[in-house]
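Please read the structure below before turning to the comments.
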Amino acid sequence: MKNKEFHLNLCRMMLLIRRTEEKIGDLYPEQEMKCAVHLSIGEEASAVGVCAALRGDDVIYSTHRCHAHYLAKGGNLKRMVAELYGKATGCCRGKGGSMHLADPEVGMMGSSAIVAGSIPLAVGSALAFSMKGNDRVAVALFGDGGAEQGSFTECISFAALKKLPVIFVCENNLYATHTHISARQPKDNIYQRGEPYGVPGTQIDGNDVLAVYEAASQAVERCRRGKGPSLLECRTYRWRGHVGPDYDYDLGYRSKQELEEWMRRCPITTYEKTLVSAGICSQSDLNLIRGEVDEEVARAVTFAKSSPEPELDELLQDVY
Amino acid sequence: MRENQAIRQAKYVEAIAEALVQAMECDERVFVMGIGVDDPTGVFGSTRPAFKRFGKKRVFTIPLSENAITGIGVGAALSGFRPIMVHARNDFLLLTMDQLVNHAAKWSYMAGGRMKVPLTIRAIIGRGWGQGPQHSQSLQALFVHTPGLKVVMPATPYDAKGLLLASIEDDCPVIFIEHRRLYDTVGPVPEETYTVPLGKGAVRREGGDVTVVASSLMVLEALQASQLLQSDGIAAEVIDLRTLSPLDDELVFDSVRKTGRLVVADTGWETCGIAAEVSARVASNVFGSLKAPIRRVCLPDSPTPTCPSLEREFYPGAEDIAAAVRTVVGRVKEPVRPRASARTQESWDKGFTGPF
């Protein structure tokens, strides 16, 4: 049984991600964040649930849609927003941008904008942990599109062969850019795709942070006991467009009705209602968190906007 | 270079094998993975001693999933190891381009230098005995074109060991391209560990009339060409690039300032190749020293043919380099390519029997 602090921390982190990304959406029209942003609004529970099951010395690898993962793993918010503004104080000194967030000091090992590109890197960290004989865990986060790449299957196979401590977490938000999964995959069964290789898979309501946390915890435990990899498919939905801050149901590839159905299943309000009705916390506890989060986001934006741009000789640094 | 007769003589392949063993002895973060590295042949024998010494924990085979395994090497490098990945043919690197170009080469830069990728990729160029279009490619130009990758091509046994040890020590991803037809060449190789610095070429033969820049197998061809040219009274200076990225510009520029003439020989294709890059750099930086147009000696722009007759026509050799030199020194107007059937068999090619 988890205590109040645990639950409030999950709430706080989901809210931090939500409010940060909403702020990005509000500020984006200023045209000062000159990089492509892929928002996770609506998908916060999978990032937070998975990372809550990890230790500080465990590692994650992410995708172009990496804000939530970076923050959930403990990445520095100010340095993330500064990175989006292309500033020298950014987590990648302005050279990565929104799609390549990294904070290796907290185990956020980087993000690839090549679909499925970072899955092998996570398996490589798991190989390193296995060879060193420690009990650290690596997590590969990817979307439903990532499960279509060959390297996904290659990695499942290799991780199973070597019993590596890696968790494959697919955040299935049903769309790759503007194309529904039914137009791309013959069967809607990503969670089963490890089975031929002996990798257990679980399909989870990705909007239920506790369900994600529980499934991830079991997978982590399996890794730590040397039993090898697991595959988690978190069913979720992104509210905004593939890229940028706008709602895009007007494009016609998905309906407003579909979006509204998923918005009714908001991972944050659902969880907050559960906590209040179970008597774990009060509405005023949640209001307090909301206020603190908004202040933190505002401070990060101020920090980012007032930070200097990189020196021009940065251009050729860190190439070799 | 401390090469002399007192030093132990060893084959190129033995030098590579010894470098692997010594790197693994010195640094427990080093491991070797690749298709067949732990099988009885051990990638032409190059990984056999390391496997015998360290076993399957540190020298292990992989599934035929080169792209993913390359990324796994990147991840292991990010988590504190110094992996060495081995490919029996250069051509198989094309399966790994996403991980090499999009990930290994860029991970450090994208993270603002907060992480490094100390990964060494060994890959072998095949040639002859019907290697054909997909087992013989010299792809160095593709990698040199990618910022973030270092590219090394040793020509001698001494360099094979010293450059491999330097590559493993380096904090960047290094593409280490070997030539199968150099594997049995013999030269001085010190028994102790030593490194040959990346980014430094070497003058293999001094001469005042023309600069011949080459790497890998073409260094041997260039040296043979310089012998042929001696009877014409032409003194060629032969430069071995050793590392193609970063290129040792100054060594080449200094030589061209002295000779005023340049021929560049490469194991790869002519179009957009290494020879084109060296030529462009010389033309941009020491144009005033040039007394004649630059000539390139590279592969013609076709895939590698499989049959021996066309293969002989396909590969340029010492006589092609000599012909190019005679043109740039003004002895002939256009290089006359000797007919394949009339060309001498190269020293490195004698005694080779199949299978490859």
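We name chains A, B, ... following the order of the structure tokens; residues begin at 1 in each chain, and ligands are numbered from 1 as shown.
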
Tell me as a compact mmCIF listing (two decimals) with C-alpha atoms, in the first residue's frame which residues belonging to chain A come within 7 Å of chain B, counting only C-alpha atoms.
# COMPACT_ATOMS: atom_id res chain seq x y z
CA CYS A 92 22.01 19.82 -24.58
CA ARG A 93 23.46 23.33 -24.80
CA LYS A 95 22.31 21.53 -29.93
CA GLY A 96 19.64 18.90 -29.39
CA HIS A 100 16.82 15.11 -28.39
CA ALA A 102 19.06 14.19 -22.48
CA PRO A 120 18.95 -0.66 -29.48
CA LEU A 121 20.74 1.87 -27.29
CA ALA A 122 18.59 0.90 -24.32
CA VAL A 123 19.40 -2.76 -24.99
CA GLY A 124 23.08 -1.77 -25.12
CA SER A 125 22.88 -0.19 -21.68
CA LEU A 127 23.99 -5.39 -21.96
CA ALA A 128 26.45 -3.20 -20.08
CA SER A 151 15.28 -3.00 -34.99
CA GLU A 154 15.94 -7.51 -33.56
CA CYS A 155 16.24 -6.02 -30.08
CA ASP A 318 31.41 18.00 -29.37
CA VAL A 319 31.57 16.67 -32.94
CA TYR A 320 34.59 14.52 -32.03

Leaving out Gln283 of chain A and any residue of its chain fewer than 4 positions from it, which residues lie within 9 Å of it when counting only C-alpha atoms, given as a ChimeraX atom specification? /A:272-273,276,287-288

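Residues in contact range of Cys272 of chain B, defined as at most 10 Å between only C-alpha atoms, with sequence neighbours fewer than 4 positions away removed, read Ala141, Leu142, His145, Gly268, Ala276 and Glu277 of chain B.
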
Please write the residues from the selection above to a file, keeping C-alpha atoms, as a PDB file, in the first residue's frame.
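See again_26.pdb below for the written result:
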ATOM      1  CA  ALA B 141      33.873   7.903 -48.379  1.00  0.00           C
ATOM      2  CA  LEU B 142      30.376   7.345 -46.950  1.00  0.00           C
ATOM      3  CA  HIS B 145      31.187  12.276 -45.273  1.00  0.00           C
ATOM      4  CA  GLY B 268      37.120   3.266 -53.486  1.00  0.00           C
ATOM      5  CA  ALA B 276      38.133  13.826 -54.804  1.00  0.00           C
ATOM      6  CA  GLU B 277      38.285  15.229 -51.291  1.00  0.00           C
TER       7      GLU B 277
END

Excluding Gln149 of chain A and its own-chain neighbours fewer than 6 positions away, which residues fall within 10 Å of it when counting only C-alpha atoms? Please give them as a PyMOL selection string. chain A and resi 115-117

Selection near segment 130-143 of chain A, 6 Å with only C-alpha atoms, sequence-local residues under 6 positions removed, as a ChimeraX atom specification: /A:58-62,119,122,165-172,224

Could you save those same residues with N, CA and C atoms as a tab-separated table (two decimals), in the first residue's frame?
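Written file, part_2.tsv:
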chain	number	residue	atom	x	y	z
A	58	ASP	N	18.80	3.69	-12.73
A	58	ASP	CA	18.28	3.03	-13.94
A	58	ASP	C	18.26	4.05	-15.07
A	59	VAL	N	18.20	3.57	-16.30
A	59	VAL	CA	18.27	4.51	-17.42
A	59	VAL	C	17.07	4.34	-18.36
A	60	ILE	N	16.74	5.43	-19.03
A	60	ILE	CA	15.71	5.37	-20.07
A	60	ILE	C	16.25	6.01	-21.35
A	61	TYR	N	15.69	5.58	-22.47
A	61	TYR	CA	15.97	6.18	-23.77
A	61	TYR	C	14.64	6.54	-24.41
A	62	SER	N	14.60	7.64	-25.10
A	62	SER	CA	13.31	8.14	-25.58
A	62	SER	C	13.33	8.48	-27.06
A	119	ILE	N	15.84	2.30	-29.38
A	119	ILE	CA	15.58	1.01	-28.73
A	119	ILE	C	16.88	0.20	-28.58
A	122	ALA	N	19.05	1.36	-25.64
A	122	ALA	CA	18.59	0.90	-24.32
A	122	ALA	C	19.05	-0.54	-24.08
A	165	PRO	N	18.44	-7.01	-18.79
A	165	PRO	CA	17.51	-6.25	-17.94
A	165	PRO	C	16.99	-5.01	-18.64
A	166	VAL	N	16.13	-5.24	-19.62
A	166	VAL	CA	15.57	-4.12	-20.39
A	166	VAL	C	14.06	-4.28	-20.47
A	167	ILE	N	13.37	-3.15	-20.40
A	167	ILE	CA	11.91	-3.15	-20.54
A	167	ILE	C	11.56	-2.36	-21.79
A	168	PHE	N	10.83	-3.01	-22.67
A	168	PHE	CA	10.36	-2.35	-23.89
A	168	PHE	C	8.99	-1.76	-23.59
A	169	VAL	N	8.90	-0.45	-23.60
A	169	VAL	CA	7.64	0.21	-23.28
A	169	VAL	C	7.11	0.91	-24.53
A	170	CYS	N	6.05	0.34	-25.07
A	170	CYS	CA	5.42	0.94	-26.24
A	170	CYS	C	4.25	1.81	-25.78
A	171	GLU	N	4.35	3.09	-26.05
A	171	GLU	CA	3.22	3.99	-25.79
A	171	GLU	C	2.40	4.03	-27.07
A	172	ASN	N	1.38	3.21	-27.10
A	172	ASN	CA	0.58	3.09	-28.31
A	172	ASN	C	-0.50	4.17	-28.29
A	224	ARG	N	15.60	-7.23	-12.37
A	224	ARG	CA	16.57	-7.24	-11.27
A	224	ARG	C	16.88	-8.67	-10.81

Tell me, which residues of segment 84-290 of chain A carry DSSP alpha helix (DSSP H), written as a ChimeraX atom specification? /A:84,119-132,150-161,209-224,256-264,267-277,283-290

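Using only C-alpha atoms, the contacts of Val297 of chain A at a cut-off of 9 Å, with sequence neighbours closer than 6 positions omitted, comprise A:Leu16, A:Arg19, A:Thr20, A:Lys23, A:Leu77, A:Lys78, A:Val81.
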
Step one, run DSSP on the backbone; step two, keep only residues of segment 3-196 of chain A assigned to strand (DSSP E); then write them as JSON, numbers by chain. {"A": [59, 60, 61, 62, 63, 108, 109, 110, 111, 112, 138, 139, 140, 141, 142, 143, 166, 167, 168, 169, 170, 171, 172, 175, 176, 179, 180]}

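Straight-line separation from atom CA of Phe158 of chain A to atom CA of Asp205 of chain A: 27.4 Å.
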
Contacts of Gln137 of chain B at 8 Å (only C-alpha atoms; same-chain gap of 4+ positions) as a VMD selection string: chain B and resid 90 to 91 125 to 126 133 268 304

Emit the selected residues as a PDB file, in the first residue's frame, including C-alpha atoms.
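That gives us result_32.pdb:
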ATOM      1  CA  ASN B  90      32.697  -3.766 -45.345  1.00  0.00           C
ATOM      2  CA  ASP B  91      29.465  -4.198 -47.311  1.00  0.00           C
ATOM      3  CA  ILE B 125      37.261  -5.004 -47.623  1.00  0.00           C
ATOM      4  CA  GLY B 126      37.191  -8.095 -49.788  1.00  0.00           C
ATOM      5  CA  PRO B 133      29.398  -6.517 -56.138  1.00  0.00           C
ATOM      6  CA  GLY B 268      37.120   3.266 -53.486  1.00  0.00           C
ATOM      7  CA  THR B 304      32.556  -4.859 -58.820  1.00  0.00           C
TER       8      THR B 304
END

One decimal place gives the atom CA of Gly74 of chain A-atom CA of Gly110 of chain A separation as 13.1 Å

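Interatomic distance, atom CA of Asp320 of chain B against atom CA of Lys333 of chain B: 14.4 Å.
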
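Of the residues listed (B:Ala318, B:Ala324, B:Ile274, B:Ala17), B:Ala17 shows the shortest atom-to-atom separation from Gly42 of chain B; distances use only C-alpha atoms.
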